[in-house]
Amino acid sequence: MIISEIFYGVKCNRCGEQYEDGEHSFWSDECGAVENAMESEWIEEKGKHYCSECYEQDEVTEENTAKPDFPEHVKNLKKFFEKMIVGHSSRISEQDDYFKISKNLYNTTELNHYETTYIKEMLGDNLILIEVKKHERYSSSEATVLVKR
């Protein structure tokens, strides 16, 4: 007999990171998923969920405040990385003057010409750098794009 069951997970509303507790990333009920994430330094604010990288805590009042949402061009680049470039899930990190979007690629050492062309056209003047570095020990590489804030 084949049965179907729905599972629940928690994804950061700002960066898209999915909560994992080391063993699980999905639970059989919504409350279990949220409860596990909240026990691991995630917060919920106005019905949205944020990982520990996407909010700041005031040391005096101990109040949590979500960081501002990513600019639209950064969100679009992350979507492009997720849907069009073969590899592991993409990551966003931020510095004072730029965002870094990166993704480990499967068995390749470069992006295709159309991928780099699309990224350049999508970002325009917001693009700082497109780089692919081969991993020292494995057959994979990491694609990195630096984008102005």
# chains A, B, ... in the order shown; residues from 1 in each chain; ligands from 1
>>> closest_atom_pairs(of="segment 115-135 of chain A", to="segment 64-72 of chain A", cutoff="12 Å", atoms="only C-alpha atoms", output="tab-separated table")
residue	atom	partner	partner_atom	distance
A:Met122	CA	A:Glu72	CA	10.8
A:Leu123	CA	A:Glu72	CA	10.1
A:Asn126	CA	A:Pro71	CA	10.7
>>> write_last_selection(atoms="C-alpha atoms", output="PDB file, in the first residue's frame")
ATOM      1  CA  MET A 122      20.603  40.686 -14.221  1.00  0.00           C
ATOM      2  CA  LEU A 123      22.886  42.549 -11.822  1.00  0.00           C
ATOM      3  CA  ASN A 126      25.479  45.936  -8.842  1.00  0.00           C
TER       4      ASN A 126
END
>>> residues_around(residues="segment 81-84 of chain A", least_positions_apart="5", cutoff="9 Å", atoms="only C-alpha atoms", output="count of residues only")
7
>>> select_by_dssp(residues="chain A", states="strand (DSSP E)", output="number ranges by chain")
A: 43-45, 48-50, 55-57, 64-66, 91-94, 98-105, 127-134, 141-148
>>> residues_around(residues="Cys51 of chain A", least_positions_apart="4", cutoff="10 Å", atoms="only C-alpha atoms", output="number ranges by chain")
A: 10-19, 37-38, 40-44, 55, 66
>>> write_last_selection(atoms="C-alpha atoms", output="PDB file, in the first residue's frame")
ATOM      1  CA  VAL A  10      10.963  25.927   8.840  1.00  0.00           C
ATOM      2  CA  LYS A  11      12.749  28.169   6.346  1.00  0.00           C
ATOM      3  CA  CYS A  12      14.212  31.602   7.156  1.00  0.00           C
ATOM      4  CA  ASN A  13      12.053  34.313   5.599  1.00  0.00           C
ATOM      5  CA  ARG A  14      15.121  36.461   4.956  1.00  0.00           C
ATOM      6  CA  CYS A  15      17.897  34.202   3.609  1.00  0.00           C
ATOM      7  CA  GLY A  16      16.023  30.996   2.782  1.00  0.00           C
ATOM      8  CA  GLU A  17      18.113  28.769   5.065  1.00  0.00           C
ATOM      9  CA  GLN A  18      16.156  25.701   6.153  1.00  0.00           C
ATOM     10  CA  TYR A  19      16.305  24.686   9.802  1.00  0.00           C
ATOM     11  CA  ALA A  37      13.718  25.784  15.407  1.00  0.00           C
ATOM     12  CA  MET A  38      12.904  28.165  18.291  1.00  0.00           C
ATOM     13  CA  SER A  40      17.966  26.491  18.324  1.00  0.00           C
ATOM     14  CA  GLU A  41      18.225  30.288  18.347  1.00  0.00           C
ATOM     15  CA  TRP A  42      15.706  30.911  15.593  1.00  0.00           C
ATOM     16  CA  ILE A  43      13.053  33.575  16.208  1.00  0.00           C
ATOM     17  CA  GLU A  44       9.495  34.161  15.066  1.00  0.00           C
ATOM     18  CA  TYR A  55      18.313  38.972  13.297  1.00  0.00           C
ATOM     19  CA  ALA A  66      15.009  41.025  12.155  1.00  0.00           C
TER      20      ALA A  66
END
>>> atom_distance(atom1="atom CA of Gln95 of chain A", atom2="atom CA of Asp125 of chain A")
17.9 Å
>>> closest_residue(among="A:His73, A:Lys120, A:His135, A:Lys46", to="Lys148 of chain A", atoms="only C-alpha atoms")
A:His73
>>> residues_around(residues="Val145 of chain A", least_positions_apart="4", cutoff="9 Å", atoms="only C-alpha atoms", output="VMD selection string")
chain A and resid 77 99 to 102 119 127 to 132
>>> residues_around(residues="Ala33 of chain A", least_positions_apart="4", cutoff="7 Å", atoms="only C-alpha atoms", output="list of chain:residue names")
A:Tyr8, A:Gly9, A:Val10, A:Phe26, A:Trp27, A:Asp29, A:Ala37
>>> write_last_selection(atoms="N, CA and C atoms", output="compact mmCIF listing (two decimals), in the first residue's frame")
# COMPACT_ATOMS: atom_id res chain seq x y z
N TYR A 8 6.51 18.98 7.73
CA TYR A 8 6.68 20.42 7.90
C TYR A 8 8.13 20.75 8.23
N GLY A 9 8.59 21.86 7.69
CA GLY A 9 9.92 22.37 7.98
C GLY A 9 9.83 23.88 8.16
N VAL A 10 10.92 24.48 8.63
CA VAL A 10 10.96 25.93 8.84
C VAL A 10 12.10 26.49 7.99
N PHE A 26 12.57 17.99 8.69
CA PHE A 26 11.12 17.97 8.57
C PHE A 26 10.50 17.24 9.75
N TRP A 27 9.30 17.69 10.14
CA TRP A 27 8.57 17.08 11.26
C TRP A 27 7.16 16.76 10.81
N ASP A 29 4.39 17.50 12.26
CA ASP A 29 3.41 18.57 12.50
C ASP A 29 4.09 19.93 12.53
N ALA A 37 12.94 24.65 15.91
CA ALA A 37 13.72 25.78 15.41
C ALA A 37 13.89 26.84 16.49
>>> closest_residue(among="A:Glu5, A:Tyr50, A:Ser139, A:Thr144", to="Ser28 of chain A", atoms="only C-alpha atoms")
A:Glu5
>>> closest_residue(among="A:Ile85, A:Ile92, A:Thr61, A:Glu136", to="Tyr114 of chain A", atoms="only C-alpha atoms")
A:Ile85
>>> decode(residues="segment 34-146 of chain A", atoms="C-alpha atoms", output="tab-separated table (two decimals), in the first residue's frame")
chain	number	residue	atom	x	y	z
A	34	VAL	CA	8.57	25.57	14.78
A	35	GLU	CA	9.28	24.44	18.35
A	36	ASN	CA	12.56	22.73	17.36
A	37	ALA	CA	13.72	25.78	15.41
A	38	MET	CA	12.90	28.16	18.29
A	39	GLU	CA	14.97	25.98	20.64
A	40	SER	CA	17.97	26.49	18.32
A	41	GLU	CA	18.23	30.29	18.35
A	42	TRP	CA	15.71	30.91	15.59
A	43	ILE	CA	13.05	33.57	16.21
A	44	GLU	CA	9.50	34.16	15.07
A	45	GLU	CA	8.39	37.74	14.48
A	46	LYS	CA	4.97	38.68	13.09
A	47	GLY	CA	4.49	35.18	11.68
A	48	LYS	CA	7.89	35.11	9.95
A	49	HIS	CA	10.85	32.94	10.96
A	50	TYR	CA	14.48	34.05	11.09
A	51	CYS	CA	17.72	32.07	11.53
A	52	SER	CA	20.40	33.32	13.92
A	53	GLU	CA	22.22	35.12	11.06
A	54	CYS	CA	19.17	37.16	10.09
A	55	TYR	CA	18.31	38.97	13.30
A	56	GLU	CA	20.11	41.03	15.92
A	57	GLN	CA	19.59	40.95	19.66
A	58	ASP	CA	19.79	44.16	21.70
A	59	GLU	CA	22.19	43.32	24.54
A	60	VAL	CA	20.48	45.71	26.98
A	61	THR	CA	16.80	44.92	26.35
A	62	GLU	CA	17.40	41.41	24.94
A	63	GLU	CA	14.83	42.20	22.23
A	64	ASN	CA	15.29	40.57	18.84
A	65	THR	CA	14.98	42.56	15.63
A	66	ALA	CA	15.01	41.03	12.16
A	67	LYS	CA	17.60	42.50	9.79
A	68	PRO	CA	16.27	44.36	6.73
A	69	ASP	CA	15.20	42.17	3.85
A	70	PHE	CA	17.71	41.50	1.06
A	71	PRO	CA	17.52	43.77	-2.02
A	72	GLU	CA	15.47	42.34	-4.89
A	73	HIS	CA	18.53	41.81	-7.14
A	74	VAL	CA	20.17	39.65	-4.44
A	75	LYS	CA	17.00	37.57	-4.00
A	76	ASN	CA	16.75	37.10	-7.79
A	77	LEU	CA	20.37	35.97	-8.02
A	78	LYS	CA	19.83	33.44	-5.22
A	79	LYS	CA	16.73	32.11	-7.04
A	80	PHE	CA	18.78	31.79	-10.24
A	81	PHE	CA	21.51	29.89	-8.38
A	82	GLU	CA	18.94	27.57	-6.78
A	83	LYS	CA	16.97	26.77	-9.94
A	84	MET	CA	19.47	26.98	-12.81
A	85	ILE	CA	22.92	26.07	-11.51
A	86	VAL	CA	23.52	22.42	-10.64
A	87	GLY	CA	25.04	21.91	-7.20
A	88	HIS	CA	24.33	22.12	-3.51
A	89	SER	CA	22.05	24.80	-2.07
A	90	SER	CA	23.28	28.36	-2.38
A	91	ARG	CA	24.28	30.55	0.55
A	92	ILE	CA	24.17	34.29	1.15
A	93	SER	CA	26.54	36.09	3.49
A	94	GLU	CA	26.83	39.82	3.95
A	95	GLN	CA	29.60	42.29	4.58
A	96	ASP	CA	29.41	46.04	5.17
A	97	ASP	CA	29.46	46.94	1.47
A	98	TYR	CA	28.55	43.75	-0.41
A	99	PHE	CA	26.66	40.44	-0.42
A	100	LYS	CA	28.35	37.14	-1.25
A	101	ILE	CA	26.21	34.48	-2.94
A	102	SER	CA	27.97	31.14	-3.33
A	103	LYS	CA	27.20	27.58	-4.33
A	104	ASN	CA	29.21	24.36	-4.50
A	105	LEU	CA	29.05	22.94	-8.03
A	106	TYR	CA	28.95	19.25	-8.94
A	107	ASN	CA	31.88	17.96	-11.02
A	108	THR	CA	32.55	21.19	-12.89
A	109	THR	CA	35.12	23.95	-12.65
A	110	GLU	CA	33.25	26.77	-14.37
A	111	LEU	CA	29.90	28.35	-15.01
A	112	ASN	CA	28.48	28.11	-18.53
A	113	HIS	CA	28.78	31.16	-20.77
A	114	TYR	CA	25.00	31.75	-20.69
A	115	GLU	CA	25.02	31.58	-16.85
A	116	THR	CA	27.69	34.27	-16.50
A	117	THR	CA	26.03	36.39	-19.20
A	118	TYR	CA	22.66	36.14	-17.44
A	119	ILE	CA	24.19	37.06	-14.06
A	120	LYS	CA	25.96	40.08	-15.58
A	121	GLU	CA	22.77	41.29	-17.29
A	122	MET	CA	20.60	40.69	-14.22
A	123	LEU	CA	22.89	42.55	-11.82
A	124	GLY	CA	24.22	45.29	-14.10
A	125	ASP	CA	26.14	47.88	-12.07
A	126	ASN	CA	25.48	45.94	-8.84
A	127	LEU	CA	27.91	43.17	-9.89
A	128	ILE	CA	31.36	43.24	-8.27
A	129	LEU	CA	32.82	39.81	-9.13
A	130	ILE	CA	32.00	36.38	-10.56
A	131	GLU	CA	34.50	33.71	-9.58
A	132	VAL	CA	34.72	29.91	-9.64
A	133	LYS	CA	37.41	28.16	-7.58
A	134	LYS	CA	38.18	24.45	-7.78
A	135	HIS	CA	38.16	22.63	-4.46
A	136	GLU	CA	41.68	21.52	-3.46
A	137	ARG	CA	40.80	17.87	-2.68
A	138	TYR	CA	37.50	17.14	-4.40
A	139	SER	CA	36.20	17.29	-7.96
A	140	SER	CA	33.77	20.08	-7.07
A	141	SER	CA	34.16	23.84	-7.31
A	142	GLU	CA	32.56	26.84	-5.64
A	143	ALA	CA	30.92	29.59	-7.65
A	144	THR	CA	30.91	32.97	-5.91
A	145	VAL	CA	29.25	36.21	-6.92
A	146	LEU	CA	29.88	39.46	-5.03
